[in-house]
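Asker: Please find one structure pasted underneath; my questions will follow.
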Amino acid sequence: MASRKFEPTNPTVKWVEDRLPILGLIYSSVGGGYDTPRNLNYWWNFGSLAGFMLVVQIVTGIVLVMHYVPDINLAFDSVQHIRRDVNYGWLMQSIHANGASMFFIVVYIHILRGFYFGSYKSPREILWFLGIIIYLLMMATGFMGYVLPWGQMSFWGATVITNFFSAFDFIPFIGDGLVEWLWGGFAVDQPTLNRFFSLHYLLPFVLVGVVILHIWALHIPGSTNPLGIDANGPYDKVPFHPYYTAKDAFGLGVFVIFFAAFVFYIPDFLGHPDNYIKADRLKTPAHIVPEWYYLPFYAILRAIPDKLLGIVAMFASILILFAMPWLDGSRIRSMRFRPLSQIFFWIFVINGLFLGYLGSISPDDILWFGFEAIVYAQISTLYYFAYFLVVMPVVSRMETTLPVPTSIAASVLEANKKG
Amino acid sequence: MTTHDDVVEERRNFLYLATGAAGAVAVGGAAWPLIDQMNPSKDVLALSSIEVDLTKIPEGTSAVFLWRKNPVFVRHRTEAEIARARADDNAPDLVDPEADEDRVQRPEWLVMSGVCTHFGCIPLDQQGDFGGWFCPCHGSHYDISGRIRRGPAPANLPVMEYTFLNDTTIKIG
């Protein structure tokens, strides 16, 4: 894709470039040397926003580790010490805790952008896989980070989630000891906190590595675009810099306002009050809920009354994303030209939000028409899987699609004529 | 006919295989300490037993003790509770059928793990539909013998090893 080569005129820059072509690499990755479709809309901002959030989390995280103590007797107090005593600790802690939520918000939008515009379809399958791996690593990192403050939700969330692996106790040799191996004891305890701290520090840097692979894979075919047709020729493309660096910067400004509203005005809105109680291994909170970004999967887990099958369904609900490039058989990428797929997509989004709501309440709460929440969770879980296993394979192959423009340039010119 | 070249190739293949096998053993050997260091350490394993004074638990009440960092329920059962537990020995809703008799050494003392067999929360005493324990996390109901009757938990609350040192003291572990 990169059509222009990096040709520095400054002799010092040229001297460096001849020995280590790193500026050329940046130029062709996110600079003027990367040609991008000219019609990218604001849904394409969320990739760079996710990259921004990863940097924010790493920077604030490194700062927090300068004050945090990974000891079961001191961890809770050290977080309070950060919030009350450390200079700007309140700010760093609030940015980091809310930053996790912001990271998930932008990544969820980024993933759904991929759903809608067919970003997972050929030739971008490996790009898509790397994205799923990033998402899984984020979930693991977020979970372990939430354990570190050692509040009631930290402790009991860790207990419930590590106990997921006790469902695999039928596996010979390793099954029985698996959970104790994760804990380093007979319950969540000091060894558990220590290893979670170690891995919570490590995994973000693994994420950086996978993100680099993700961007590398992106640059082979180049970005998709809202029309889903390949960009051909110079009329279809503009250089990434300055066009999309400027557009991304504007989006970043808007996003940071949203982020700041949480950090400064409602820092605990997305948290749980029970996490202001120090962990007590003799008292399970009446109602355990995970962080909001795991709720849909938690609802799927609870929808199934069998322990092992519940776990399997929960893991399957994410791993199924790997099959999307083949489940979707449409020759057209963008749902803009697939009206029926569009409807099912929006139902899928609403269904996902509904699952999130169901994950946040107690499964035996009575909802509409006198049915327990678990019944709705079962219906929602059914749609979740049916979307991938029935709707996607069938609709993508049967539906009558709308006419697709011949080129990006032609479509843009057409729109300008009307305007 | 075996030529000189065939012999050389065969020997080379053998060397590839032997090197690969030795390498695999070396990697496995180096990986094991890295994996095993996560298992419970010696001092954790050494937290072996506790003694419980039964005189402090009146009839019809339960007490919770910490053993190996996990709660243990000790319930002093009434005659009515014992009768109820025994009457349910053949109840059709037992997920993990077990006779009450096999779960106790002396019927008035029920000593068992206080960790829900679903995902490890602590069930609440004297709640739920069977007058035993109820786990608030995902709604598992246990009866007065600690047997799972309804909800997602797959097994009864496990009975651990304990011995009566005398009529008023037990040793757990």
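FYI, nothing fancy with the structure tokens labels: chains A, B, ... in order, residues from 1 per chain, ligands from 1 as they appear.
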Within 10 Å of chain B, which residues belong to chain A? Use only C-alpha atoms and report them as a PyMOL selection string.
Answerer: chain A and resi 156-167+177-189+191-192+195+281-289+302+304-308+310+362-364
Asker: Give me the residues within 6 Å of Gly60 in chain B as a PDB file with N, CA and C atoms, in the first residue's frame, counting only C-alpha atoms and dropping any in the same chain fewer than 5 places off.
Answerer:
```pdb
ATOM      1  N   HIS B  76     -24.081 -28.298  65.474  1.00  0.00           N
ATOM      2  CA  HIS B  76     -24.602 -29.137  66.552  1.00  0.00           C
ATOM      3  C   HIS B  76     -26.072 -29.367  66.243  1.00  0.00           C
ATOM      4  N   ARG B  77     -26.392 -30.513  65.677  1.00  0.00           N
ATOM      5  CA  ARG B  77     -27.747 -30.731  65.167  1.00  0.00           C
ATOM      6  C   ARG B  77     -28.706 -31.190  66.262  1.00  0.00           C
ATOM      7  N   THR B  78     -29.957 -30.773  66.123  1.00  0.00           N
ATOM      8  CA  THR B  78     -31.002 -31.204  67.050  1.00  0.00           C
ATOM      9  C   THR B  78     -31.537 -32.559  66.585  1.00  0.00           C
TER      10      THR B  78
END
```
Asker: May I have the residues within 10 Å of Glu125 in chain A as a PDB file with N, CA, C and O atoms, in the first residue's frame, using only C-alpha atoms and disregarding those fewer than 2 positions away in the same chain?
Answerer:
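Once written, around.pdb looks like this:
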```pdb
ATOM      1  N   SER A 119     -14.752  -6.394   8.839  1.00  0.00           N
ATOM      2  CA  SER A 119     -13.289  -6.276   8.897  1.00  0.00           C
ATOM      3  C   SER A 119     -12.599  -7.633   9.114  1.00  0.00           C
ATOM      4  O   SER A 119     -11.395  -7.740   8.933  1.00  0.00           O
ATOM      5  N   TYR A 120     -13.384  -8.641   9.516  1.00  0.00           N
ATOM      6  CA  TYR A 120     -12.800  -9.961   9.794  1.00  0.00           C
ATOM      7  C   TYR A 120     -12.694 -10.806   8.538  1.00  0.00           C
ATOM      8  O   TYR A 120     -12.111 -11.880   8.559  1.00  0.00           O
ATOM      9  N   LYS A 121     -13.277 -10.303   7.436  1.00  0.00           N
ATOM     10  CA  LYS A 121     -13.346 -11.131   6.227  1.00  0.00           C
ATOM     11  C   LYS A 121     -12.034 -11.087   5.452  1.00  0.00           C
ATOM     12  O   LYS A 121     -11.200 -10.207   5.655  1.00  0.00           O
ATOM     13  N   SER A 122     -11.862 -12.054   4.573  1.00  0.00           N
ATOM     14  CA  SER A 122     -10.657 -12.167   3.764  1.00  0.00           C
ATOM     15  C   SER A 122     -10.320 -10.817   3.135  1.00  0.00           C
ATOM     16  O   SER A 122     -11.216 -10.139   2.645  1.00  0.00           O
ATOM     17  N   PRO A 123      -9.065 -10.423   3.125  1.00  0.00           N
ATOM     18  CA  PRO A 123      -7.860 -11.126   3.553  1.00  0.00           C
ATOM     19  C   PRO A 123      -7.384 -10.703   4.941  1.00  0.00           C
ATOM     20  O   PRO A 123      -6.187 -10.658   5.176  1.00  0.00           O
ATOM     21  N   LEU A 127      -5.416 -10.698  11.067  1.00  0.00           N
ATOM     22  CA  LEU A 127      -5.589  -9.417  11.761  1.00  0.00           C
ATOM     23  C   LEU A 127      -6.693  -9.537  12.814  1.00  0.00           C
ATOM     24  O   LEU A 127      -6.560  -9.076  13.949  1.00  0.00           O
ATOM     25  N   TRP A 128      -7.797 -10.175  12.421  1.00  0.00           N
ATOM     26  CA  TRP A 128      -8.938 -10.405  13.323  1.00  0.00           C
ATOM     27  C   TRP A 128      -8.554 -11.313  14.490  1.00  0.00           C
ATOM     28  O   TRP A 128      -8.856 -11.025  15.641  1.00  0.00           O
ATOM     29  N   PHE A 129      -7.826 -12.415  14.192  1.00  0.00           N
ATOM     30  CA  PHE A 129      -7.399 -13.334  15.262  1.00  0.00           C
ATOM     31  C   PHE A 129      -6.542 -12.591  16.287  1.00  0.00           C
ATOM     32  O   PHE A 129      -6.687 -12.771  17.493  1.00  0.00           O
ATOM     33  N   LEU A 130      -5.618 -11.785  15.795  1.00  0.00           N
ATOM     34  CA  LEU A 130      -4.743 -11.046  16.715  1.00  0.00           C
ATOM     35  C   LEU A 130      -5.577 -10.122  17.590  1.00  0.00           C
ATOM     36  O   LEU A 130      -5.291  -9.941  18.773  1.00  0.00           O
ATOM     37  N   GLY A 131      -6.637  -9.559  17.013  1.00  0.00           N
ATOM     38  CA  GLY A 131      -7.534  -8.711  17.793  1.00  0.00           C
ATOM     39  C   GLY A 131      -8.204  -9.495  18.911  1.00  0.00           C
ATOM     40  O   GLY A 131      -8.325  -9.006  20.042  1.00  0.00           O
ATOM     41  N   ALA A 217      -0.152  -6.708  10.636  1.00  0.00           N
ATOM     42  CA  ALA A 217      -1.099  -7.443   9.796  1.00  0.00           C
ATOM     43  C   ALA A 217      -2.070  -6.492   9.099  1.00  0.00           C
ATOM     44  O   ALA A 217      -2.506  -6.741   7.975  1.00  0.00           O
ATOM     45  N   PHE A 322     -13.389 -16.544  16.558  1.00  0.00           N
ATOM     46  CA  PHE A 322     -12.358 -17.025  15.647  1.00  0.00           C
ATOM     47  C   PHE A 322     -12.953 -17.622  14.366  1.00  0.00           C
ATOM     48  O   PHE A 322     -12.292 -17.669  13.341  1.00  0.00           O
ATOM     49  N   ALA A 323     -14.190 -18.113  14.461  1.00  0.00           N
ATOM     50  CA  ALA A 323     -14.791 -18.781  13.304  1.00  0.00           C
ATOM     51  C   ALA A 323     -15.514 -17.808  12.374  1.00  0.00           C
ATOM     52  O   ALA A 323     -15.948 -18.195  11.285  1.00  0.00           O
ATOM     53  N   MET A 324     -15.640 -16.547  12.791  1.00  0.00           N
ATOM     54  CA  MET A 324     -16.445 -15.601  12.007  1.00  0.00           C
ATOM     55  C   MET A 324     -16.061 -15.476  10.532  1.00  0.00           C
ATOM     56  O   MET A 324     -16.942 -15.387   9.686  1.00  0.00           O
ATOM     57  N   PRO A 325     -14.760 -15.459  10.205  1.00  0.00           N
ATOM     58  CA  PRO A 325     -14.431 -15.309   8.783  1.00  0.00           C
ATOM     59  C   PRO A 325     -15.063 -16.400   7.917  1.00  0.00           C
ATOM     60  O   PRO A 325     -15.271 -16.188   6.724  1.00  0.00           O
ATOM     61  N   TRP A 326     -15.366 -17.564   8.517  1.00  0.00           N
ATOM     62  CA  TRP A 326     -15.950 -18.644   7.719  1.00  0.00           C
ATOM     63  C   TRP A 326     -17.445 -18.786   7.934  1.00  0.00           C
ATOM     64  O   TRP A 326     -18.156 -19.285   7.076  1.00  0.00           O
TER      65      TRP A 326
END
```
Asker: For Pro273 in chain A, which residue among A:Gly151, A:Gly209, A:Pro239, A:Pro393 is the nearest when counting only C-alpha atoms?
Answerer: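 Distance minimum relative to Pro273 in chain A lands on A:Gly151.
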Asker: Any chance you could list, as a PyMOL selection string, the residues in range 8-162 of chain B that come up strand (DSSP E) when DSSP is run on the backbone?
Answerer: chain B and resi 50-53+62-67+70-76+109-113+124-127+131-135+140-143+148-150+162
Asker: Taking 3 positions as the minimum chain separation for residues in the same chain, which residues sit within 7 Å of range 27-39 of chain A when counting only C-alpha atoms? Answer as a count of residues only.
Answerer: 19
Asker: State, in Å with one decimal place, the distance from CA of Asn275 in chain A to CA of Pro149 in chain A.
Answerer: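 Between these atoms lies a distance of 8.0 Å.
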Asker: Running DSSP on the backbone, which parts of range 170-264 of chain A land in helix (DSSP H, G or I), as a VMD selection string?
Answerer: chain A and resid 178 to 183 190 to 219 234 to 236 240 to 264
Asker: Find the residues around Ser101 in chain A up to 10 Å (only C-alpha atoms counted), leave out those fewer than 2 positions away in its own chain, and share them as a list in words.
Answerer: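 The residues that qualify are Met53, Ile95, His96, Ala97, Asn98, Gly99, Phe103, Phe104, Ile105, Val106, Val107, Gly142, Phe259, Phe262, Leu270, Gly271, Glu291, Trp292 and Tyr293 of chain A.
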Asker: Rounded to one decimal, what separation in Å do you get between CA of Ser396 in chain A and CA of Tyr384 in chain A?
Answerer: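 About the pair CA of Ser396 in chain A and CA of Tyr384 in chain A: they are 16.6 Å apart.
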Asker: Using only C-alpha atoms, which protein or nucleic acid residues come within 6 Å of Ala299 in chain A? Drop anything in the same chain fewer than 6 positions from it, and give the result as a list in words.
Answerer: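 Selected residues are Leu355, Leu358 and Gly359 of chain A.
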Asker: Pull N, CA and C atoms from the residues just selected and write them as a short mmCIF file (atom, residue, chain, number, x, y, z; two decimals), in the first residue's frame.
Answerer:
```
data_model
loop_
_atom_site.label_atom_id
_atom_site.label_comp_id
_atom_site.auth_asym_id
_atom_site.auth_seq_id
_atom_site.Cartn_x
_atom_site.Cartn_y
_atom_site.Cartn_z
N LEU A 355 -27.85 -8.83 27.99
CA LEU A 355 -27.11 -9.85 28.75
C LEU A 355 -26.28 -9.19 29.84
N LEU A 358 -28.56 -8.45 32.63
CA LEU A 358 -28.91 -9.68 33.34
C LEU A 358 -27.76 -10.18 34.20
N GLY A 359 -26.52 -9.94 33.73
CA GLY A 359 -25.36 -10.34 34.52
C GLY A 359 -25.21 -9.53 35.80
#
```
Asker: Which residues, written as a compact mmCIF listing (two decimals) with C-alpha atoms, in the first residue's frame, have at least one atom at most 9 Å from Gly131 in chain B, with only C-alpha atoms counted and residues fewer than 2 positions away on the same chain left out?
Answerer:
```txt
# COMPACT_ATOMS: atom_id res chain seq x y z
CA GLU B 81 -32.67 -31.99 62.25
CA ASP B 125 -26.41 -20.93 57.54
CA GLN B 126 -30.08 -21.85 58.05
CA GLN B 127 -31.25 -20.43 54.75
CA GLY B 128 -32.55 -21.80 51.50
CA ASP B 129 -35.42 -24.12 50.69
CA TRP B 133 -27.36 -23.73 53.76
CA PHE B 134 -27.87 -21.41 50.83
CA HIS B 141 -29.45 -24.95 48.21
CA TYR B 142 -27.93 -27.48 50.63
CA ASP B 143 -29.94 -29.51 53.17
CA ILE B 144 -29.26 -30.06 56.87
```
Asker: Kindly give the distance, in Å, that separates CA of Ile320 in chain A and CA of Phe371 in chain A, rounded to a single decimal.
Answerer: 29.0 Å
